[in-house]
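Engineer: File name coords_14.cif; file contents mmCIF, C-alpha atoms; full text below.
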data_structure
#
loop_
_atom_site.label_atom_id
_atom_site.label_comp_id
_atom_site.auth_asym_id
_atom_site.auth_seq_id
_atom_site.Cartn_x
_atom_site.Cartn_y
_atom_site.Cartn_z
CA MET F 1 -6.88 -50.80 64.31
CA PRO F 2 -5.93 -53.93 66.29
CA VAL F 3 -7.14 -52.36 69.56
CA SER F 4 -10.42 -50.48 69.12
CA PRO F 5 -11.00 -48.15 70.77
CA ASN F 6 -7.46 -47.73 71.99
CA GLN F 7 -8.31 -45.19 74.72
CA GLY F 8 -10.41 -45.44 77.85
CA SER F 9 -10.94 -44.77 81.52
CA THR F 10 -8.37 -45.44 84.22
CA GLY F 11 -11.25 -47.04 86.13
CA GLY F 12 -11.64 -49.71 83.44
CA GLY F 13 -14.95 -51.10 82.24
CA ASP F 14 -14.55 -50.07 78.60
CA ALA F 15 -15.55 -52.48 75.82
CA VAL F 16 -12.56 -52.99 73.53
CA THR F 17 -12.34 -55.22 70.43
CA LEU F 18 -9.05 -56.87 69.54
CA THR F 19 -8.35 -57.76 65.90
CA GLY F 20 -5.56 -60.17 64.87
CA SER F 21 -5.10 -63.86 64.15
CA HIS F 22 -4.90 -67.25 65.88
CA PHE F 23 -7.21 -66.18 68.73
CA MET F 24 -8.95 -69.56 69.01
CA GLY F 25 -8.13 -71.18 72.33
CA THR F 26 -7.20 -67.88 74.02
CA ASN F 27 -6.91 -68.42 77.75
CA SER F 28 -5.70 -64.97 78.85
CA VAL F 29 -5.92 -61.32 77.80
CA ARG F 30 -3.85 -58.76 79.66
CA TYR F 31 -3.70 -55.01 79.70
CA GLY F 32 -0.22 -54.40 80.91
CA SER F 33 0.16 -56.61 83.97
CA ARG F 34 -3.56 -56.88 84.65
CA GLN F 35 -6.01 -59.44 83.40
CA ALA F 36 -8.90 -58.19 81.31
CA THR F 37 -12.07 -58.01 83.37
CA SER F 38 -13.60 -60.38 80.81
CA PHE F 39 -13.10 -61.50 77.23
CA VAL F 40 -14.98 -63.50 74.58
CA VAL F 41 -13.31 -64.98 71.50
CA LEU F 42 -15.69 -64.19 68.67
CA SER F 43 -13.58 -65.73 65.91
CA ASP F 44 -10.03 -66.67 65.13
CA SER F 45 -9.42 -62.97 64.32
CA THR F 46 -11.66 -61.12 66.78
CA THR F 47 -11.90 -61.00 70.57
CA ALA F 48 -14.22 -58.80 72.62
CA THR F 49 -12.81 -57.60 75.96
CA ILE F 50 -13.65 -55.42 78.96
CA THR F 51 -10.72 -53.41 80.26
CA PRO F 52 -9.44 -53.59 83.82
CA SER F 53 -8.39 -50.44 85.66
CA GLY F 54 -4.98 -49.07 84.83
CA GLN F 55 -2.69 -46.12 84.19
CA GLY F 56 -0.92 -44.71 81.14
CA PRO F 57 -0.13 -46.75 78.01
CA ALA F 58 -0.58 -50.50 78.46
CA PRO F 59 0.48 -53.24 75.97
CA VAL F 60 -2.41 -55.58 75.19
CA SER F 61 -1.31 -59.21 75.10
CA VAL F 62 -3.18 -62.38 74.16
CA THR F 63 -2.11 -65.81 75.45
CA THR F 64 -3.08 -69.05 73.70
CA PRO F 65 -1.81 -72.60 74.33
CA GLY F 66 0.76 -72.02 71.66
CA SER F 67 2.20 -68.61 72.60
CA THR F 68 1.71 -65.07 73.94
CA GLY F 69 1.65 -62.07 71.61
CA VAL F 70 1.15 -58.30 71.92
CA VAL F 71 -1.74 -57.11 69.79
CA GLY F 72 -1.31 -53.37 70.35
CA THR F 73 -1.41 -50.61 72.97
CA PHE F 74 -4.31 -49.29 75.04
CA TYR F 75 -4.01 -45.81 76.51
CA TYR F 76 -5.59 -45.15 79.89
CA LEU F 77 -6.87 -41.60 80.10
CA PRO F 78 -7.37 -39.69 83.33
CA PRO F 79 -10.94 -38.53 84.07
CA PRO F 80 -11.73 -35.04 82.74
CA SER F 81 -12.12 -31.92 84.81
CA PHE F 82 -13.67 -28.63 83.72
CA ARG F 83 -15.30 -25.35 84.62
CA ILE F 84 -17.52 -22.88 82.76
CA LEU F 85 -16.04 -19.51 81.97
CA PRO F 86 -18.36 -16.85 83.43
CA PRO F 87 -21.14 -16.13 82.99
CA ALA F 88 -22.55 -19.59 83.65
CA ALA F 89 -26.10 -18.52 82.84
CA GLY F 90 -28.34 -17.81 79.87
CA PRO F 91 -31.86 -17.77 78.43
CA LEU F 92 -34.39 -20.58 78.58
CA ALA F 93 -34.37 -20.77 74.80
CA GLY F 94 -30.68 -21.70 74.79
CA GLY F 95 -28.71 -21.16 71.59
CA ASN F 96 -25.98 -19.17 73.33
CA THR F 97 -22.43 -20.47 73.49
CA VAL F 98 -20.36 -21.09 76.59
CA ILE F 99 -16.71 -22.04 76.94
CA LEU F 100 -15.71 -25.02 79.07
CA THR F 101 -12.05 -25.16 80.09
CA GLY F 102 -10.19 -27.91 81.91
CA LEU F 103 -8.18 -31.07 81.32
CA GLY F 104 -8.75 -34.30 79.40
CA LEU F 105 -11.43 -32.88 77.09
CA PHE F 106 -10.00 -34.00 73.74
CA THR F 107 -11.94 -37.28 73.66
CA THR F 108 -15.26 -35.75 74.73
CA ILE F 109 -18.15 -37.91 73.63
CA GLU F 110 -21.08 -36.10 75.17
CA VAL F 111 -22.01 -32.86 76.98
CA ARG F 112 -25.31 -32.58 78.86
CA PHE F 113 -27.11 -29.69 80.56
CA GLY F 114 -29.37 -31.51 82.94
CA SER F 115 -31.00 -34.17 80.78
CA GLN F 116 -30.49 -32.27 77.53
CA ALA F 117 -27.61 -33.09 75.18
CA ALA F 118 -25.64 -30.13 73.87
CA SER F 119 -23.73 -29.73 70.64
CA PHE F 120 -20.05 -28.92 71.07
CA ILE F 121 -16.73 -28.36 69.33
CA VAL F 122 -13.47 -29.71 70.75
CA ASP F 123 -11.07 -26.79 70.50
CA SER F 124 -8.23 -28.54 72.35
CA ASP F 125 -7.63 -30.93 75.20
CA GLY F 126 -8.26 -27.98 77.51
CA GLN F 127 -11.30 -26.33 75.90
CA LEU F 128 -14.76 -27.01 74.47
CA THR F 129 -17.09 -24.52 72.81
CA VAL F 130 -20.63 -25.60 73.66
CA THR F 131 -24.01 -24.47 72.30
CA VAL F 132 -26.46 -24.49 75.20
CA PRO F 133 -29.67 -26.48 74.62
CA ALA F 134 -33.12 -25.14 75.50
CA ALA F 135 -34.77 -25.80 78.85
CA SER F 136 -38.38 -25.93 79.95
CA SER F 137 -38.01 -24.00 83.20
CA ALA F 138 -35.69 -21.54 84.88
CA GLY F 139 -33.17 -22.63 87.47
CA PRO F 140 -29.82 -24.39 87.89
CA VAL F 141 -28.92 -27.64 86.13
CA ALA F 142 -25.87 -29.90 86.39
CA VAL F 143 -23.43 -29.90 83.46
CA THR F 144 -21.87 -33.28 82.69
CA ILE F 145 -19.06 -34.21 80.30
CA ARG F 146 -18.39 -37.79 79.19
CA THR F 147 -15.01 -38.59 77.63
CA ARG F 148 -12.99 -41.75 76.94
CA GLY F 149 -11.38 -41.10 80.30
CA GLY F 150 -14.59 -40.96 82.28
CA ILE F 151 -17.33 -38.60 83.39
CA ALA F 152 -16.97 -35.16 85.00
CA SER F 153 -19.76 -33.22 86.73
CA GLY F 154 -20.20 -30.93 89.72
CA VAL F 155 -20.55 -27.78 87.57
CA THR F 156 -23.81 -25.80 87.50
CA TYR F 157 -25.38 -23.72 84.74
CA THR F 158 -28.40 -21.48 85.47
CA TYR F 159 -31.28 -21.03 83.04
CA LEU F 160 -32.79 -17.59 83.40
CA GLY F 161 -36.36 -16.42 82.88
CA SER F 162 -36.98 -13.13 81.08
CA PRO F 163 -36.77 -10.03 83.31
CA SER F 164 -39.75 -7.84 84.12
CA VAL F 165 -40.15 -4.28 85.41
CA THR F 166 -42.97 -3.63 87.88
CA VAL F 167 -42.26 -0.27 89.60
CA VAL F 168 -39.89 2.65 89.02
CA THR F 169 -39.20 4.98 91.95
CA LEU F 170 -39.05 7.88 91.40
CA ASP F 171 -40.65 7.61 87.99
CA SER F 172 -39.90 11.15 86.81
CA GLY F 173 -37.20 13.81 86.90
CA VAL F 174 -35.75 16.76 85.07
CA VAL F 175 -34.56 16.47 81.49
CA ASP F 176 -30.97 17.00 82.60
CA GLY F 177 -30.94 13.58 84.26
CA GLY F 178 -28.39 12.77 86.95
CA ASN F 179 -30.96 11.64 89.51
CA LEU F 180 -31.18 8.15 91.00
CA VAL F 181 -34.07 5.80 90.28
CA VAL F 182 -34.85 2.41 91.76
CA ILE F 183 -36.16 -0.14 89.26
CA THR F 184 -38.09 -2.97 90.88
CA GLY F 185 -38.96 -6.19 89.06
CA THR F 186 -37.76 -9.76 88.61
CA ALA F 187 -34.80 -11.71 87.19
CA PHE F 188 -32.30 -8.84 87.39
CA SER F 189 -29.28 -10.78 88.71
CA TYR F 190 -27.54 -11.11 85.34
CA THR F 191 -28.29 -7.61 84.00
CA THR F 192 -26.04 -6.48 81.16
CA GLY F 193 -27.62 -3.13 80.28
CA VAL F 194 -30.21 -0.53 81.33
CA SER F 195 -31.49 2.32 79.17
CA ILE F 196 -34.06 5.08 79.50
CA GLY F 197 -35.58 6.50 76.35
CA GLY F 198 -33.10 4.50 74.29
CA THR F 199 -30.08 6.05 76.03
CA PRO F 200 -27.90 3.93 78.33
CA VAL F 201 -28.10 5.06 81.93
CA VAL F 202 -25.08 6.87 83.34
CA SER F 203 -24.44 3.94 85.70
CA TYR F 204 -26.33 1.16 87.40
CA ARG F 205 -25.95 -1.29 90.26
CA VAL F 206 -27.76 -4.62 90.58
CA ALA F 207 -28.78 -4.50 94.23
CA SER F 208 -30.60 -7.84 94.10
CA ASP F 209 -32.52 -10.09 91.74
CA THR F 210 -35.48 -7.71 92.18
CA GLU F 211 -33.79 -4.28 92.30
CA ILE F 212 -31.59 -2.13 90.07
CA ASP F 213 -30.36 1.31 91.15
CA ALA F 214 -29.64 3.51 88.13
CA VAL F 215 -28.49 7.07 87.44
CA VAL F 216 -30.77 8.65 84.83
CA PRO F 217 -29.25 10.03 81.59
CA ALA F 218 -30.38 13.29 80.02
CA GLY F 219 -33.47 12.94 77.86
CA ALA F 220 -36.28 14.61 75.98
CA LEU F 221 -39.34 16.06 77.70
CA GLY F 222 -42.15 13.54 78.12
CA PRO F 223 -42.57 9.82 78.79
CA ALA F 224 -39.69 7.45 78.11
CA ASP F 225 -39.39 3.67 77.99
CA ILE F 226 -37.15 1.82 80.43
CA THR F 227 -35.36 -1.21 78.97
CA VAL F 228 -33.50 -3.81 81.02
CA THR F 229 -31.36 -6.40 79.24
CA THR F 230 -30.13 -9.51 81.04
CA LEU F 231 -28.57 -12.80 80.03
CA GLY F 232 -32.11 -14.17 80.22
CA GLY F 233 -33.67 -11.68 77.79
CA THR F 234 -34.86 -8.08 77.43
CA THR F 235 -37.90 -6.30 78.81
CA THR F 236 -39.21 -2.82 78.02
CA ALA F 237 -41.56 -0.92 80.32
CA SER F 238 -43.36 1.53 78.04
CA GLY F 239 -43.49 5.11 79.33
CA ALA F 240 -42.28 4.03 82.76
CA TYR F 241 -40.23 7.19 83.30
CA THR F 242 -41.19 10.81 82.56
CA TYR F 243 -38.74 13.59 81.78
CA LEU F 244 -39.98 16.86 83.24
CA GLY F 245 -39.06 20.47 82.59
CA ARG F 246 -36.57 22.30 84.79
CA PHE F 247 -38.62 25.49 84.83
CA ALA F 248 -40.91 26.43 87.71
CA VAL F 249 -41.89 29.72 86.03
CA LEU F 250 -41.84 30.58 82.32
CA GLY F 251 -43.39 33.55 80.51
CA GLY F 252 -43.83 34.05 76.81
CA GLN F 253 -43.32 37.85 76.98
CA SER F 254 -42.29 38.68 80.55
CA VAL F 255 -42.06 37.63 84.17
CA THR F 256 -42.66 40.28 86.83
CA ASN F 257 -42.53 40.07 90.60
CA THR F 258 -43.44 42.16 93.61
CA GLY F 259 -42.24 41.34 97.12
CA PRO F 260 -40.10 38.50 98.50
CA SER F 261 -41.33 35.69 96.28
CA SER F 262 -39.44 32.39 96.33
CA VAL F 263 -39.09 30.26 93.19
CA THR F 264 -37.56 26.80 93.43
CA GLY F 265 -36.59 25.68 89.95
CA ASP F 266 -35.51 27.65 86.91
CA LEU F 267 -37.27 30.85 85.83
CA GLY F 268 -37.26 32.21 82.32
CA VAL F 269 -38.82 34.07 79.43
CA SER F 270 -38.97 33.36 75.70
CA PRO F 271 -39.42 34.79 73.12
CA GLY F 272 -39.73 37.92 75.31
CA VAL F 273 -36.75 39.38 77.17
CA SER F 274 -38.20 41.00 80.31
CA VAL F 275 -37.69 39.64 83.82
CA THR F 276 -38.14 42.09 86.70
CA GLY F 277 -38.44 41.96 90.48
CA PHE F 278 -35.53 39.57 91.23
CA PRO F 279 -34.51 40.73 93.79
CA PRO F 280 -36.43 41.14 96.02
CA GLY F 281 -37.70 37.80 94.67
CA GLN F 282 -35.32 34.84 95.02
CA VAL F 283 -34.78 32.09 92.45
CA ASN F 284 -33.37 28.82 93.73
CA GLY F 285 -32.30 27.86 90.25
CA THR F 286 -31.22 29.76 87.15
CA ILE F 287 -32.81 32.75 85.40
CA HIS F 288 -32.93 32.32 81.61
CA ILE F 289 -33.73 35.29 79.38
CA SER F 290 -34.39 34.07 75.86
CA ASP F 291 -31.27 31.90 75.92
CA ALA F 292 -31.08 28.42 74.42
CA ASP F 293 -32.61 26.81 77.52
CA ALA F 294 -35.52 29.26 77.56
CA VAL F 295 -36.13 28.80 73.83
CA GLN F 296 -36.20 25.03 74.29
CA ALA F 297 -38.47 25.34 77.33
CA HIS F 298 -40.92 27.46 75.35
CA SER F 299 -40.90 24.90 72.54
CA ASP F 300 -41.53 22.12 75.06
CA LEU F 301 -44.39 24.15 76.57
CA VAL F 302 -46.04 24.50 73.16
CA ALA F 303 -45.75 20.75 72.55
CA THR F 304 -47.06 19.84 76.02
CA TYR F 305 -49.92 22.31 75.70
CA ASP F 306 -50.93 20.89 72.30
CA ALA F 307 -50.69 17.34 73.59
CA ALA F 308 -53.02 18.20 76.49
CA VAL F 309 -55.50 19.81 74.11
CA GLY F 310 -55.47 16.67 71.98
CA ARG F 311 -56.45 14.28 74.75
CA LEU F 312 -59.96 12.87 74.51
CA PRO F 313 -62.03 13.90 77.54
CA ASP F 314 -63.47 11.38 79.98
CA ALA F 315 -65.96 13.79 81.56
CA SER F 316 -67.23 17.35 81.36
CA ILE F 317 -66.85 19.93 84.10
CA PHE F 318 -68.45 23.34 84.50
CA GLY F 319 -68.95 26.13 87.01
CA ASP F 320 -66.99 25.78 90.24
CA LEU F 321 -64.86 22.81 91.30
CA GLY F 322 -65.01 23.59 95.02
CA GLY F 323 -66.21 20.71 97.17
CA LEU F 324 -65.56 18.04 94.52
CA THR F 325 -63.43 14.90 94.80
CA LEU F 326 -62.19 13.79 91.39
CA THR F 327 -60.55 10.51 90.45
CA PRO F 328 -57.96 10.36 87.62
CA GLY F 329 -59.12 11.32 84.15
CA VAL F 330 -59.34 13.98 81.46
CA TYR F 331 -61.88 16.69 82.40
CA SER F 332 -63.08 19.19 79.81
CA ALA F 333 -64.80 22.59 80.22
CA ALA F 334 -66.04 24.53 77.22
CA SER F 335 -65.50 27.93 78.89
CA SER F 336 -64.34 29.26 82.25
CA ILE F 337 -63.90 27.34 85.50
CA GLY F 338 -63.72 28.59 89.08
CA LEU F 339 -62.44 27.10 92.32
CA THR F 340 -63.90 28.22 95.62
CA GLY F 341 -62.82 26.24 98.64
CA LEU F 342 -61.31 22.75 98.40
CA LEU F 343 -60.84 20.48 95.38
CA THR F 344 -59.66 16.94 96.24
CA LEU F 345 -57.81 14.76 93.72
CA ASP F 346 -57.89 11.08 94.73
CA ALA F 347 -55.36 8.75 93.06
CA GLU F 348 -56.98 5.68 94.64
CA GLY F 349 -53.57 4.23 95.40
CA ASP F 350 -52.11 4.67 91.90
CA ARG F 351 -48.97 6.82 92.16
CA ASN F 352 -49.01 7.23 88.36
CA ALA F 353 -52.58 8.53 88.31
CA GLU F 354 -53.03 11.53 86.02
CA TRP F 355 -55.47 14.44 85.78
CA ILE F 356 -55.75 16.74 82.77
CA PHE F 357 -58.10 19.72 82.98
CA GLN F 358 -58.94 21.18 79.57
CA ILE F 359 -60.38 24.64 80.24
CA GLY F 360 -61.69 26.62 77.31
CA THR F 361 -61.12 30.17 78.53
CA THR F 362 -60.14 31.14 82.09
CA LEU F 363 -59.35 29.55 85.45
CA THR F 364 -59.95 31.65 88.56
CA THR F 365 -59.60 30.68 92.21
CA ALA F 366 -61.21 32.47 95.15
CA THR F 367 -59.30 33.63 98.23
CA ALA F 368 -57.86 30.80 100.36
CA SER F 369 -58.92 28.07 97.96
CA SER F 370 -56.84 24.91 97.67
CA VAL F 371 -56.18 21.66 95.83
CA LEU F 372 -55.58 18.56 97.98
CA LEU F 373 -53.79 15.45 96.71
CA ILE F 374 -54.64 12.14 98.41
CA ASN F 375 -53.93 8.40 98.10
CA GLY F 376 -50.73 8.69 96.08
CA ALA F 377 -51.59 11.65 93.85
CA THR F 378 -48.60 13.74 92.75
CA ALA F 379 -48.37 17.34 91.56
CA ARG F 380 -46.37 16.43 88.44
CA ASN F 381 -49.33 14.38 87.16
CA VAL F 382 -51.86 17.24 87.35
CA ILE F 383 -52.07 19.42 84.24
CA TRP F 384 -54.20 22.56 83.91
CA GLN F 385 -54.44 23.44 80.22
CA VAL F 386 -56.13 26.85 80.02
CA GLY F 387 -57.21 28.46 76.75
CA SER F 388 -56.74 32.02 77.96
CA SER F 389 -55.59 33.23 81.38
CA VAL F 390 -55.26 32.04 84.98
CA THR F 391 -55.81 34.09 88.13
CA LEU F 392 -54.98 32.56 91.49
CA GLY F 393 -56.71 34.39 94.32
CA THR F 394 -54.99 35.57 97.50
CA ASP F 395 -53.66 32.81 99.78
CA THR F 396 -54.62 30.01 97.40
CA ALA F 397 -52.68 26.74 97.83
CA PHE F 398 -52.54 25.42 94.28
CA VAL F 399 -51.17 22.19 92.89
CA GLY F 400 -50.22 21.11 89.37
CA ARG F 401 -48.66 22.22 86.13
CA ILE F 402 -50.38 25.34 84.79
CA LEU F 403 -50.16 25.64 81.00
CA ALA F 404 -51.83 28.92 80.09
CA ALA F 405 -52.18 30.09 76.50
CA THR F 406 -51.95 33.75 77.52
CA SER F 407 -51.09 34.87 81.05
CA ILE F 408 -50.91 33.83 84.71
CA THR F 409 -51.55 36.19 87.62
CA VAL F 410 -50.50 34.89 91.03
CA ASN F 411 -51.85 37.10 93.83
CA ALA F 412 -50.31 37.72 97.25
CA GLY F 413 -49.78 34.76 99.55
CA VAL F 414 -50.35 32.11 96.89
CA SER F 415 -48.28 28.94 96.89
CA VAL F 416 -47.97 26.69 93.84
CA SER F 417 -46.57 23.17 94.02
CA GLY F 418 -45.95 22.67 90.34
CA GLN F 419 -45.24 24.96 87.38
CA SER F 420 -46.59 28.31 86.21
CA LEU F 421 -46.03 28.44 82.44
CA ALA F 422 -47.57 31.09 80.17
CA ARG F 423 -47.16 30.40 76.46
CA ASP F 424 -47.80 33.80 74.85
CA GLY F 425 -48.08 36.39 77.62
CA SER F 426 -46.77 37.13 81.09
CA VAL F 427 -46.46 35.58 84.52
CA THR F 428 -47.07 38.07 87.34
CA LEU F 429 -46.00 37.17 90.89
CA ASP F 430 -46.61 38.91 94.23
CA THR F 431 -45.03 37.51 97.39
CA ASN F 432 -45.49 33.88 96.37
CA THR F 433 -43.89 30.48 96.82
CA ILE F 434 -43.54 28.54 93.55
CA THR F 435 -41.94 25.11 93.89
CA ARG F 436 -41.25 22.64 91.13
CA PRO F 437 -41.79 19.36 93.05
CA TRP F 438 -39.21 17.18 91.32
#
For this file, produce the structure as structure tokens.

Structural biologist:
Amino acid sequence: MPVSPNQGSTGGGDAVTLTGSHFMGTNSVRYGSRQATSFVVLSDSTTATITPSGQGPAPVSVTTPGSTGVVGTFYYLPPPSFRILPPAAGPLAGGNTVILTGLGLFTTIEVRFGSQAASFIVDSDGQLTVTVPAASSAGPVAVTIRTRGGIASGVTYTYLGSPSVTVVTLDSGVVDGGNLVVITGTAFSYTTGVSIGGTPVVSYRVASDTEIDAVVPAGALGPADITVTTLGGTTTASGAYTYLGRFAVLGGQSVTNTGPSSVTGDLGVSPGVSVTGFPPGQVNGTIHISDADAVQAHSDLVATYDAAVGRLPDASIFGDLGGLTLTPGVYSAASSIGLTGLLTLDAEGDRNAEWIFQIGTTLTTATASSVLLINGATARNVIWQVGSSVTLGTDTAFVGRILAATSITVNAGVSVSGQSLARDGSVTLDTNTITRPW
């Protein structure tokens, strides 16, 4: 090629080599009407030049004492312009592709993200497909393109750190889903998906880089992982959300009531078919008599009961729990346990603190006894696994999820913030308030 390269910037300054003959004695080189910024005759057939500024195609002429001749044509190219098709962000590790669109990209020589060179494919004069290089730290970097026509910049790409989940509020709800949770963490701005227990949430909104509001999907009873996927990566918070049963009261053979009891949550029986005393009792939920929901609830009760039995104890308890303050843990009693007066459960500031009471035979509370939750303790995280039967004395204020192998008797004036679930026998109510607190 007599003019090499034959393309360059309108601002000039490009090194161009002319190839021809009879160059010795050259006293002028012109690009169109303009003198070359400089030239050096290397041999009779080669001259090195620096282009002046210009526009469009320009004939390149060489003047010697003997004559003037046109060697070839140099094409002035306008400087490129471009933008990144959204999203202009990705992981620190790079490797993802982005599309740059604009003008004057056909002669692209180099693409850089910050100081790092990127590999690219020229799709057309208006598009590049670029593989993003890795970066050492999160944050924005300038993207620069260098072409024969010049350099374009002013476009930013953001490297993202991996997301993290720190707190989920509320961190539990019924298996039906449909409730709202707030997921708090970091690096959420470019979230592309949220799932709970492997199921995509019904919907979500990225409120900020540190907050996602999500509507919970239906799930299976028990703990579930929360996974957040962003352009920067994926994080999974193991067991961060717990699916809880819808039932406040469940009997294996029957549920009976005397007086104006109030049950908030579903009430049911399975495999038995007897529910009596409603009205005068009121159920702020649905009554299930050995239907599919009751059968599933009974199956869930069996699984939850067995899981509680299988937990390794942290400490032994015996006699009466009245007057004690217990921190989170698994407490085991070989036989019966009583409660006279006040039992305090102290979460020590951990809202996910858990208590499991493994009671070999019976649990009995005296009149006007109570369980007090302090420092973030929640009723859903207190489980009473009882090997035989439970009797709650008159006017007791009880807290937690009662899982009784046989029966539960709730005497007059008792309130339960939690669940009363009898695996094999009956639940007997008498002018009580039973509230499922979720």

Engineer: Segment 368-383 of chain F: which residues within 8 Å, counting all atoms listed in the file, same-chain residues fewer than 6 positions away excluded, as a compact mmCIF listing (two decimals) with C-alpha atoms, in the coordinates of the input?

Structural biologist:
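Here's the written file around.txt:
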# COMPACT_ATOMS: atom_id res chain seq x y z
CA ALA F 308 -53.02 18.20 76.49
CA LEU F 339 -62.44 27.10 92.32
CA THR F 340 -63.90 28.22 95.62
CA GLY F 341 -62.82 26.24 98.64
CA LEU F 342 -61.31 22.75 98.40
CA LEU F 343 -60.84 20.48 95.38
CA THR F 344 -59.66 16.94 96.24
CA LEU F 345 -57.81 14.76 93.72
CA ASP F 346 -57.89 11.08 94.73
CA ALA F 347 -55.36 8.75 93.06
CA GLU F 348 -56.98 5.68 94.64
CA GLY F 349 -53.57 4.23 95.40
CA ASP F 350 -52.11 4.67 91.90
CA ARG F 351 -48.97 6.82 92.16
CA ASN F 352 -49.01 7.23 88.36
CA ALA F 353 -52.58 8.53 88.31
CA GLU F 354 -53.03 11.53 86.02
CA TRP F 355 -55.47 14.44 85.78
CA ILE F 356 -55.75 16.74 82.77
CA PHE F 357 -58.10 19.72 82.98
CA GLY F 393 -56.71 34.39 94.32
CA THR F 394 -54.99 35.57 97.50
CA ASP F 395 -53.66 32.81 99.78
CA THR F 396 -54.62 30.01 97.40
CA ALA F 397 -52.68 26.74 97.83
CA PHE F 398 -52.54 25.42 94.28
CA VAL F 399 -51.17 22.19 92.89
CA GLY F 400 -50.22 21.11 89.37
CA ARG F 401 -48.66 22.22 86.13
CA ILE F 402 -50.38 25.34 84.79
CA LEU F 403 -50.16 25.64 81.00
CA SER F 417 -46.57 23.17 94.02
CA GLY F 418 -45.95 22.67 90.34
CA PRO F 437 -41.79 19.36 93.05
CA TRP F 438 -39.21 17.18 91.32

Engineer: Which residues match the PyMOL selection byres ((chain F and resi 408) around 7) in the file above, as a VMD selection string?

Structural biologist: chain F and resid 389 to 391 404 407 409 to 410 422 426 to 428

Engineer: What is the distance between atom CA of Val16 of chain F and atom CA of Leu77 of chain F, in Å to one decimal?

Structural biologist: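 Computing the Euclidean distance for atom CA of Val16 of chain F and atom CA of Leu77 of chain F yields 14.3 Å.
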
Engineer: Would you list the contacts of segment 272-279 of chain F as an NGL selection string, taking every protein, DNA or RNA residue within 6 Å and counting all atoms listed in the file, but skipping same-chain residues closer than 6 positions in sequence?

Structural biologist: :F and (252-258 or 289-290)

Engineer: Please compute the atom CA of Tyr157 of chain F-atom CA of Thr108 of chain F distance, one decimal, in Å.

Structural biologist: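 These two atoms are separated by 18.6 Å.
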
Engineer: Written as a ChimeraX atom specification, which residues does the PyMOL selection byres ((chain F and resi 57) around 10) give for the file shown?

Structural biologist: /F:6-7,31-32,54-56,58-60,73-77

Engineer: When the PyMOL selection byres ((chain F and resi 191) around 8) is applied to the file above, which residues end up in the set, as a list in words?

Structural biologist: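 Listing what the PyMOL selection byres ((chain F and resi 191) around 8) selects in the shown file: Phe188, Ser189, Tyr190, Thr192, Gly193, Val194, Val206, Val228, Thr229, Thr230 and Leu231 of chain F.
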
Engineer: Taking only residues of segment 154-185 of chain F that have an atom at most 10 Å from an atom of segment 80-94 of chain F, what is each one's shortest atom pair and its distance in Å to one decimal, using all atoms listed in the file, in chain and number order, as a tab-separated table?

Structural biologist:
residue	atom	partner	partner_atom	distance
F:Gly154	CA	F:Arg83	CA	9.0
F:Val155	CA	F:Arg83	CA	6.5
F:Thr156	CA	F:Ala88	CA	7.4
F:Tyr157	CA	F:Ala88	CA	5.1
F:Thr158	CA	F:Ala89	CA	4.6
F:Tyr159	CA	F:Gly90	CA	5.4
F:Leu160	CA	F:Pro91	CA	5.1
F:Gly161	CA	F:Leu92	CA	6.3
F:Ser162	CA	F:Pro91	CA	7.4

Engineer: Neighbours of Asp225 of chain F within 10 Å (only C-alpha atoms; same-chain residues fewer than 5 positions away dropped), as a VMD selection string?

Structural biologist: chain F and resid 195 to 199 236 to 242

Engineer: What's the 9 Å shell around Asn432 of chain F, counting only C-alpha atoms, without same-chain residues fewer than 3 positions away, as a ChimeraX atom specification?

Structural biologist: /F:257-263,281,395,410-416,429

Engineer: For Gly285 of chain F, which residue out of F:Thr210, F:Ser9, F:Ser67, F:Thr264 is the nearest one, using only C-alpha atoms?

Structural biologist: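 Counting only C-alpha atoms, the residue closest to Gly285 of chain F is F:Thr264.
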
Engineer: What is the atom CA of Pro280 of chain F-atom CA of Gly251 of chain F distance in Å, reported with one decimal?

Structural biologist: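 Pair atom CA of Pro280 of chain F / atom CA of Gly251 of chain F returns 18.6 Å.
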
Engineer: Could you tell me which of F:Ser38, F:Thr17, F:Ser299, F:Gln282 comes closest to Thr433 of chain F if we count all atoms listed in the file?

Structural biologist: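 Checking each of F:Ser38, F:Thr17, F:Ser299, F:Gln282 against Thr433 of chain F, counting all atoms listed in the file, the winner is F:Gln282.
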
Engineer: With all atoms listed in the file as the atoms that count, which of F:Val130, F:Gln296, F:Ile121, F:Arg112 lies nearest to Ile99 of chain F?

Structural biologist: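 Distance minimum relative to Ile99 of chain F lands on F:Val130.
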
Engineer: Using only C-alpha atoms, which residues sit within 9 Å of Pro52 of chain F once same-chain residues fewer than 3 positions away are excluded, as a PyMOL selection string?

Structural biologist: chain F and resi 10-14+30-31+34-38

Engineer: Between F:Val141, F:Met24, F:Val71, F:Leu100, which one has atoms that come closest to Met1 of chain F, using only C-alpha atoms?

Structural biologist: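 So, comparing all the options, the nearest one is F:Val71.
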
Engineer: Select, from F:Ser388, F:Thr64, F:Thr47, F:Ser208, the residue with the minimum atom-to-atom distance to Ser28 of chain F, counting only C-alpha atoms.

Structural biologist: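 Among the listed residues, F:Thr64 lies closest to Ser28 of chain F.
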
Engineer: Which residue gives the smallest distance to Arg148 of chain F among F:Phe106, F:Phe247, F:Phe113, F:Phe120, with only C-alpha atoms counted?

Structural biologist: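 The shortest atom-to-atom distance to Arg148 of chain F comes from F:Phe106.
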